[in-house]
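Undergrad: Here you go, one structure.
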Amino acid sequence: MDVYSLARNCVCWILALGLMASGRVRRARKQAFTSGVVTAIYFHKPNGRLFARCVEWLEKHGYTFISANDLVEWLRCEKSLPPGAVWLSFDDGCRQLLRDVLPLARDRKIPVTLFIPSGIIAGDGLLPWFHANGGESNTRHTFRVDELQEVAAWPEVTIGSHTVNHTITAGLAQDELRFEFGESKRALESWSHTGVTCFAYPVGMFDGAERPALADFGYGLAATTENALVTRGLDPYRVPRFSVADEISFLEAICNMVGVWRPALDRLTQLLGRRPTSTVWPHQIATRHDIREQTKVGRMLA
Ligand SMILES: [Zn+2]
């Protein structure tokens, strides 16, 4: 970990401690156990120690792990779930999951959903933003197809689509949307030998025009990065998830998992006279402005 990350984590650790001491974490956790709500949490590539501690914390506090299928059925009112149900998902299919997450999930029988950009898995395994650094890296960032095939056969693992090339779907034309939803589904199903019915919007951006194409291809759920609990009867193509970042302290991860972290951070950034993080890196319905910003970021990274 570099000096900047270390300093960042120290400051964030103090903020997390404050959120715990103020009772905000406890209140948010209580809310997660009220009827008619489910907690959805997503990661990218947490280190093994952080992920294990998160799982232990959720278990210790009485959460019940559920699969994507459980969530879809619950949203359709076809199934009931115990209070404190929690759905874990992982975006991008990063290699580290093979070592740091999946063995533990298998041992403890924890259902996990992996959202996979199919074209990147089948290609050079480099996520778009890594091409930024001159593309000098020869090390894959994602699974290979054979690795995906292996884990997809595990009963704990559900495979979902994350488009073909990690393409932001907001602002795409219908034929482009159909390619991203249809082709990724076709490839992932051919590798996993099971139906692929859930989807996660890359970088959490969407504009609502995705709906008809998602429905046509038989997707039952589309996950966003909106910071909220999932409530019953909610639009299945707008399922919010709390984000847990990769290299953070365990205390910060707890604040992430109950959803108090981002609002606190936004308030703090506002106090400091900056734009809140969720505006810079939008997690809800994309506006034209957001798409422009995102494209700028994408171009910078590309
Ligand atoms: Zn992603």
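So you can find residues: chains in the structure tokens are A, B, ... in the order shown, residues in each start at 1, and ligands are numbered from 1 in order.
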List as a short mmCIF file (atom, residue, chain, number, x, y, z; two decimals) with N, CA and C atoms, in the first residue's frame the protein and nucleic acid residues lying within 10 Å of ligand 1, with only C-alpha atoms and all ligand atoms counted.
TA:
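So result.cif came out as:
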```cif
data_model
loop_
_atom_site.label_atom_id
_atom_site.label_comp_id
_atom_site.auth_asym_id
_atom_site.auth_seq_id
_atom_site.Cartn_x
_atom_site.Cartn_y
_atom_site.Cartn_z
N PHE A 43 -18.72 -5.86 -4.31
CA PHE A 43 -17.28 -5.67 -4.19
C PHE A 43 -16.69 -5.73 -5.61
N HIS A 44 -15.40 -5.39 -5.71
CA HIS A 44 -14.65 -5.68 -6.93
C HIS A 44 -13.64 -6.78 -6.61
N PHE A 90 -20.10 -9.36 -7.11
CA PHE A 90 -18.73 -8.93 -7.42
C PHE A 90 -18.70 -8.52 -8.88
N ASP A 91 -18.30 -7.30 -9.16
CA ASP A 91 -18.28 -6.81 -10.54
C ASP A 91 -16.91 -7.03 -11.18
N ASP A 92 -16.92 -7.32 -12.45
CA ASP A 92 -15.73 -7.33 -13.34
C ASP A 92 -14.98 -8.65 -13.47
N GLY A 93 -15.23 -9.63 -12.59
CA GLY A 93 -14.55 -10.93 -12.73
C GLY A 93 -13.04 -10.85 -12.55
N CYS A 94 -12.60 -10.11 -11.52
CA CYS A 94 -11.16 -9.94 -11.29
C CYS A 94 -10.53 -11.25 -10.82
N PHE A 115 -20.54 -10.67 -11.75
CA PHE A 115 -20.95 -9.95 -12.96
C PHE A 115 -19.74 -9.82 -13.88
N ILE A 116 -19.86 -10.45 -15.06
CA ILE A 116 -18.71 -10.68 -15.93
C ILE A 116 -18.85 -9.94 -17.27
N PRO A 117 -17.84 -9.16 -17.65
CA PRO A 117 -17.82 -8.60 -19.02
C PRO A 117 -17.29 -9.68 -19.96
N LEU A 127 -9.11 -4.89 -18.16
CA LEU A 127 -10.28 -4.01 -18.02
C LEU A 127 -9.95 -2.66 -18.67
N PRO A 128 -10.99 -1.98 -19.22
CA PRO A 128 -10.73 -0.81 -20.07
C PRO A 128 -9.78 0.22 -19.46
N HIS A 162 -22.20 -8.36 -17.37
CA HIS A 162 -21.72 -7.00 -17.09
C HIS A 162 -21.34 -6.39 -18.44
N THR A 163 -22.19 -6.66 -19.44
CA THR A 163 -22.01 -6.32 -20.86
C THR A 163 -20.88 -7.15 -21.48
N ASN A 165 -18.08 -5.63 -23.23
CA ASN A 165 -16.78 -4.94 -23.08
C ASN A 165 -16.75 -3.93 -21.94
N HIS A 166 -17.57 -4.16 -20.92
CA HIS A 166 -17.68 -3.20 -19.83
C HIS A 166 -18.12 -1.85 -20.38
N THR A 167 -19.09 -1.88 -21.26
CA THR A 167 -19.59 -0.68 -21.91
C THR A 167 -20.65 -0.01 -21.06
N ILE A 168 -20.55 1.30 -20.89
CA ILE A 168 -21.59 2.04 -20.17
C ILE A 168 -22.84 2.06 -21.05
N ALA A 200 -25.52 -6.35 -14.24
CA ALA A 200 -25.13 -5.17 -13.46
C ALA A 200 -24.62 -4.10 -14.42
N TYR A 201 -25.13 -2.88 -14.27
CA TYR A 201 -24.73 -1.77 -15.13
C TYR A 201 -23.28 -1.40 -14.86
N PRO A 202 -22.39 -1.42 -15.88
CA PRO A 202 -21.02 -0.97 -15.66
C PRO A 202 -20.98 0.45 -15.09
N VAL A 203 -20.12 0.67 -14.15
CA VAL A 203 -19.99 1.88 -13.33
C VAL A 203 -21.32 2.42 -12.80
N GLY A 204 -22.31 1.55 -12.77
CA GLY A 204 -23.59 1.93 -12.16
C GLY A 204 -24.39 2.94 -12.97
#
```
Undergrad: Tyr63 of chain A: which residues within 8 Å, counting only C-alpha atoms, same-chain residues fewer than 3 positions away excluded, as a ChimeraX atom specification?
TA: /A:58-60,83-86
Undergrad: Output the selection as a JSON list (two decimals), in the first residue's frame - C-alpha atoms for each residue.
TA:
```
[["chain", "number", "residue", "atom", "x", "y", "z"],
["A", 58, "LEU", "CA", -22.39, -10.25, 8.70],
["A", 59, "GLU", "CA", -22.74, -13.74, 10.20],
["A", 60, "LYS", "CA", -22.12, -12.52, 13.73],
["A", 83, "PRO", "CA", -35.02, -10.49, 8.20],
["A", 84, "GLY", "CA", -31.45, -9.41, 7.51],
["A", 85, "ALA", "CA", -31.15, -11.16, 4.13],
["A", 86, "VAL", "CA", -28.01, -10.06, 2.29]]
```
Undergrad: Using only C-alpha atoms, which residues sit within 9 Å of Lys185 of chain A once same-chain residues fewer than 6 positions away are excluded, as an NGL selection string?
TA: :A and (118 or 160-161 or 163-164 or 195-197 or 217)
Undergrad: Taking the DSSP secondary structure from the backbone, can you list the residues of segment 43-125 of chain A that are helix (DSSP H, G or I), as an MDAnalysis selection string?
TA: chainID A and resid 48:60 68:75 96:100 102:107 118:122
Undergrad: Residues of the last selection are to be written out with N, CA and C atoms, as a short mmCIF file (atom, residue, chain, number, x, y, z; two decimals), in the first residue's frame.
TA:
```
data_model
loop_
_atom_site.label_atom_id
_atom_site.label_comp_id
_atom_site.auth_asym_id
_atom_site.auth_seq_id
_atom_site.Cartn_x
_atom_site.Cartn_y
_atom_site.Cartn_z
N GLY A 48 -8.32 -11.08 0.72
CA GLY A 48 -8.92 -12.22 1.40
C GLY A 48 -9.25 -11.93 2.86
N ARG A 49 -8.36 -11.18 3.52
CA ARG A 49 -8.55 -10.90 4.94
C ARG A 49 -9.77 -9.99 5.14
N LEU A 50 -9.87 -8.97 4.29
CA LEU A 50 -11.00 -8.03 4.42
C LEU A 50 -12.32 -8.76 4.15
N PHE A 51 -12.34 -9.57 3.08
CA PHE A 51 -13.57 -10.28 2.75
C PHE A 51 -13.98 -11.23 3.87
N ALA A 52 -13.01 -11.96 4.42
CA ALA A 52 -13.33 -12.90 5.51
C ALA A 52 -13.90 -12.16 6.71
N ARG A 53 -13.31 -11.01 7.02
CA ARG A 53 -13.81 -10.25 8.18
C ARG A 53 -15.22 -9.71 7.92
N CYS A 54 -15.48 -9.31 6.68
CA CYS A 54 -16.83 -8.82 6.33
C CYS A 54 -17.86 -9.93 6.51
N VAL A 55 -17.50 -11.12 5.99
CA VAL A 55 -18.41 -12.27 6.10
C VAL A 55 -18.67 -12.61 7.56
N GLU A 56 -17.58 -12.62 8.35
CA GLU A 56 -17.74 -12.93 9.78
C GLU A 56 -18.62 -11.91 10.48
N TRP A 57 -18.44 -10.66 10.12
CA TRP A 57 -19.24 -9.60 10.75
C TRP A 57 -20.72 -9.77 10.40
N LEU A 58 -20.99 -10.07 9.13
CA LEU A 58 -22.39 -10.25 8.70
C LEU A 58 -23.00 -11.45 9.43
N GLU A 59 -22.23 -12.54 9.51
CA GLU A 59 -22.74 -13.74 10.20
C GLU A 59 -23.00 -13.46 11.68
N LYS A 60 -22.03 -12.80 12.29
CA LYS A 60 -22.12 -12.52 13.73
C LYS A 60 -23.35 -11.67 14.04
N ALA A 68 -28.86 -14.62 -6.02
CA ALA A 68 -29.55 -13.70 -6.95
C ALA A 68 -30.95 -14.21 -7.24
N ASN A 69 -31.04 -15.54 -7.36
CA ASN A 69 -32.34 -16.15 -7.63
C ASN A 69 -33.34 -15.90 -6.51
N ASP A 70 -32.87 -16.05 -5.26
CA ASP A 70 -33.72 -15.76 -4.10
C ASP A 70 -34.23 -14.32 -4.18
N LEU A 71 -33.33 -13.42 -4.54
CA LEU A 71 -33.69 -12.00 -4.58
C LEU A 71 -34.74 -11.73 -5.66
N VAL A 72 -34.55 -12.34 -6.83
CA VAL A 72 -35.51 -12.13 -7.92
C VAL A 72 -36.89 -12.65 -7.51
N GLU A 73 -36.91 -13.84 -6.91
CA GLU A 73 -38.19 -14.41 -6.51
C GLU A 73 -38.86 -13.59 -5.41
N TRP A 74 -38.04 -13.06 -4.53
CA TRP A 74 -38.57 -12.22 -3.45
C TRP A 74 -39.13 -10.92 -4.02
N LEU A 75 -38.43 -10.34 -4.98
CA LEU A 75 -38.90 -9.09 -5.60
C LEU A 75 -40.24 -9.31 -6.31
N GLN A 96 -8.27 -11.89 -8.70
CA GLN A 96 -8.04 -12.05 -7.26
C GLN A 96 -9.16 -12.83 -6.58
N LEU A 97 -10.34 -12.80 -7.16
CA LEU A 97 -11.48 -13.50 -6.55
C LEU A 97 -11.19 -15.00 -6.44
N LEU A 98 -10.43 -15.50 -7.40
CA LEU A 98 -10.14 -16.94 -7.41
C LEU A 98 -9.38 -17.36 -6.16
N ARG A 99 -8.56 -16.45 -5.66
CA ARG A 99 -7.74 -16.76 -4.48
C ARG A 99 -8.39 -16.24 -3.20
N ASP A 100 -8.93 -15.01 -3.26
CA ASP A 100 -9.30 -14.31 -2.03
C ASP A 100 -10.76 -14.45 -1.62
N LEU A 102 -13.52 -16.71 -3.64
CA LEU A 102 -14.33 -17.87 -4.01
C LEU A 102 -14.08 -19.11 -3.14
N PRO A 103 -12.82 -19.41 -2.75
CA PRO A 103 -12.64 -20.58 -1.88
C PRO A 103 -13.42 -20.44 -0.56
N LEU A 104 -13.40 -19.23 0.01
CA LEU A 104 -14.12 -19.00 1.27
C LEU A 104 -15.63 -19.14 1.05
N ALA A 105 -16.12 -18.56 -0.04
CA ALA A 105 -17.55 -18.65 -0.33
C ALA A 105 -17.97 -20.10 -0.46
N ARG A 106 -17.08 -20.89 -1.09
CA ARG A 106 -17.40 -22.30 -1.28
C ARG A 106 -17.40 -23.05 0.04
N ASP A 107 -16.35 -22.81 0.84
CA ASP A 107 -16.24 -23.48 2.15
C ASP A 107 -17.44 -23.18 3.03
N SER A 118 -18.17 -10.33 -20.71
CA SER A 118 -17.81 -11.56 -21.43
C SER A 118 -16.68 -11.37 -22.45
N GLY A 119 -16.69 -10.25 -23.15
CA GLY A 119 -15.68 -10.03 -24.20
C GLY A 119 -14.28 -9.87 -23.62
N ILE A 120 -14.20 -9.33 -22.42
CA ILE A 120 -12.89 -9.12 -21.80
C ILE A 120 -12.34 -10.45 -21.30
N ILE A 121 -13.25 -11.28 -20.76
CA ILE A 121 -12.85 -12.63 -20.32
C ILE A 121 -12.33 -13.44 -21.51
N ALA A 122 -13.05 -13.31 -22.63
CA ALA A 122 -12.66 -14.08 -23.82
C ALA A 122 -11.44 -13.46 -24.50
#
```
Undergrad: If we count only C-alpha atoms and set the cut-off at 12 Å, which residues sit around segment 3-10 of chain A, ignoring sequence neighbours fewer than 5 positions away in its own chain? Please answer as a PyMOL selection string.
TA: chain A and resi 15-17+245-253
Undergrad: Would you write out, as JSON lines, a table of all residues in segment 204-283 of chain A that have an atom no more than 9 Å from an atom of segment 178-184 of chain A, listing for each the closest atom pair and the distance in Å to one decimal, considering only C-alpha atoms and ordering rows by chain and rising residue number?
TA:
```
{"residue": "A:Glu210", "atom": "CA", "partner": "A:Arg178", "partner_atom": "CA", "distance": 8.7}
{"residue": "A:Ala213", "atom": "CA", "partner": "A:Arg178", "partner_atom": "CA", "distance": 5.8}
{"residue": "A:Leu214", "atom": "CA", "partner": "A:Phe181", "partner_atom": "CA", "distance": 6.7}
{"residue": "A:Asp216", "atom": "CA", "partner": "A:Arg178", "partner_atom": "CA", "distance": 8.9}
{"residue": "A:Phe217", "atom": "CA", "partner": "A:Gly182", "partner_atom": "CA", "distance": 6.3}
{"residue": "A:Tyr219", "atom": "CA", "partner": "A:Phe181", "partner_atom": "CA", "distance": 8.8}
```
Undergrad: Figure out the distance between atom CA of Ser89 of chain A and atom CA of Ala215 of chain A, please, to one decimal in Å.
TA: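 Separation of atom CA of Ala215 of chain A and atom CA of Ser89 of chain A: 21.1 Å.
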Undergrad: Using atom CA of Ile159 of chain A and atom CA of Ala209 of chain A as the two end points, give the distance in Å to one decimal.
TA: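 Rounded to one decimal, the two atoms are 23.4 Å apart.
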Undergrad: So, with only C-alpha atoms as the atoms that count, which of A:Gln149, A:Thr169, A:Gln270, A:Ser190 lies closest to Thr224 of chain A?
TA: A:Thr169
Undergrad: Please provide as a PyMOL selection string all residues within 10 Å of Arg238 of chain A, with the sequence filter that same-chain residues fewer than 6 positions apart are discarded (counting only C-alpha atoms).
TA: chain A and resi 200-201+204+206+208+211+221-226+230+284-285
Undergrad: To test your reading of the structure, identify every residue in segment 43-260 of chain A that backbone DSSP assigns to strand (DSSP E), and report it as a PDB file with C-alpha atoms, in the first residue's frame.
TA:
```pdb
ATOM      1  CA  PHE A  43     -17.278  -5.668  -4.194  1.00  0.00           C
ATOM      2  CA  THR A  64     -28.580 -14.509   6.073  1.00  0.00           C
ATOM      3  CA  PHE A  65     -26.809 -14.867   2.720  1.00  0.00           C
ATOM      4  CA  ILE A  66     -29.119 -15.211  -0.273  1.00  0.00           C
ATOM      5  CA  ALA A  85     -31.154 -11.156   4.130  1.00  0.00           C
ATOM      6  CA  VAL A  86     -28.006 -10.061   2.289  1.00  0.00           C
ATOM      7  CA  TRP A  87     -26.972 -10.559  -1.352  1.00  0.00           C
ATOM      8  CA  LEU A  88     -23.273 -10.413  -2.264  1.00  0.00           C
ATOM      9  CA  SER A  89     -22.087  -9.624  -5.781  1.00  0.00           C
ATOM     10  CA  PHE A  90     -18.729  -8.930  -7.424  1.00  0.00           C
ATOM     11  CA  ASP A  91     -18.281  -6.813 -10.539  1.00  0.00           C
ATOM     12  CA  VAL A 112     -22.192 -15.068  -4.602  1.00  0.00           C
ATOM     13  CA  THR A 113     -23.001 -13.475  -7.954  1.00  0.00           C
ATOM     14  CA  LEU A 114     -20.192 -12.635 -10.368  1.00  0.00           C
ATOM     15  CA  PHE A 115     -20.946  -9.949 -12.955  1.00  0.00           C
ATOM     16  CA  ILE A 116     -18.715 -10.680 -15.931  1.00  0.00           C
ATOM     17  CA  VAL A 157     -21.795 -19.182  -7.810  1.00  0.00           C
ATOM     18  CA  THR A 158     -24.273 -17.356 -10.042  1.00  0.00           C
ATOM     19  CA  ILE A 159     -22.973 -15.770 -13.229  1.00  0.00           C
ATOM     20  CA  GLY A 160     -24.457 -12.474 -14.366  1.00  0.00           C
ATOM     21  CA  SER A 161     -23.734 -10.219 -17.313  1.00  0.00           C
ATOM     22  CA  CYS A 198     -29.087 -10.990 -13.974  1.00  0.00           C
ATOM     23  CA  PHE A 199     -27.145  -7.977 -15.079  1.00  0.00           C
ATOM     24  CA  ALA A 200     -25.129  -5.167 -13.460  1.00  0.00           C
ATOM     25  CA  LEU A 221     -32.739  -8.235 -12.397  1.00  0.00           C
ATOM     26  CA  ALA A 222     -30.413  -5.338 -13.171  1.00  0.00           C
ATOM     27  CA  ALA A 223     -28.182  -4.039 -10.390  1.00  0.00           C
ATOM     28  CA  VAL A 230     -33.520  -3.081  -1.652  1.00  0.00           C
ATOM     29  CA  THR A 231     -37.211  -2.779  -0.889  1.00  0.00           C
ATOM     30  CA  PHE A 242     -23.956  -0.760  -1.224  1.00  0.00           C
ATOM     31  CA  SER A 243     -20.375  -0.574  -2.455  1.00  0.00           C
TER      32      SER A 243
END
```
Undergrad: Provide the atom CA of Gly259 of chain A to atom CA of Arg232 of chain A distance in Å, to one decimal place.
TA: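 Distance between the two atoms: 17.6 Å.
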Undergrad: Nearest to Pro82 of chain A: which of A:Gly62, A:Pro46, A:Gly218, A:Gly233 is it, counting only C-alpha atoms?
TA: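 For Pro82 of chain A, the nearest of the candidates is A:Gly62.
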Undergrad: With only C-alpha atoms as the atoms that count, which of A:Arg95, A:Arg108, A:Lys30, A:His61 lies nearest to Asn47 of chain A?
TA: A:Arg95
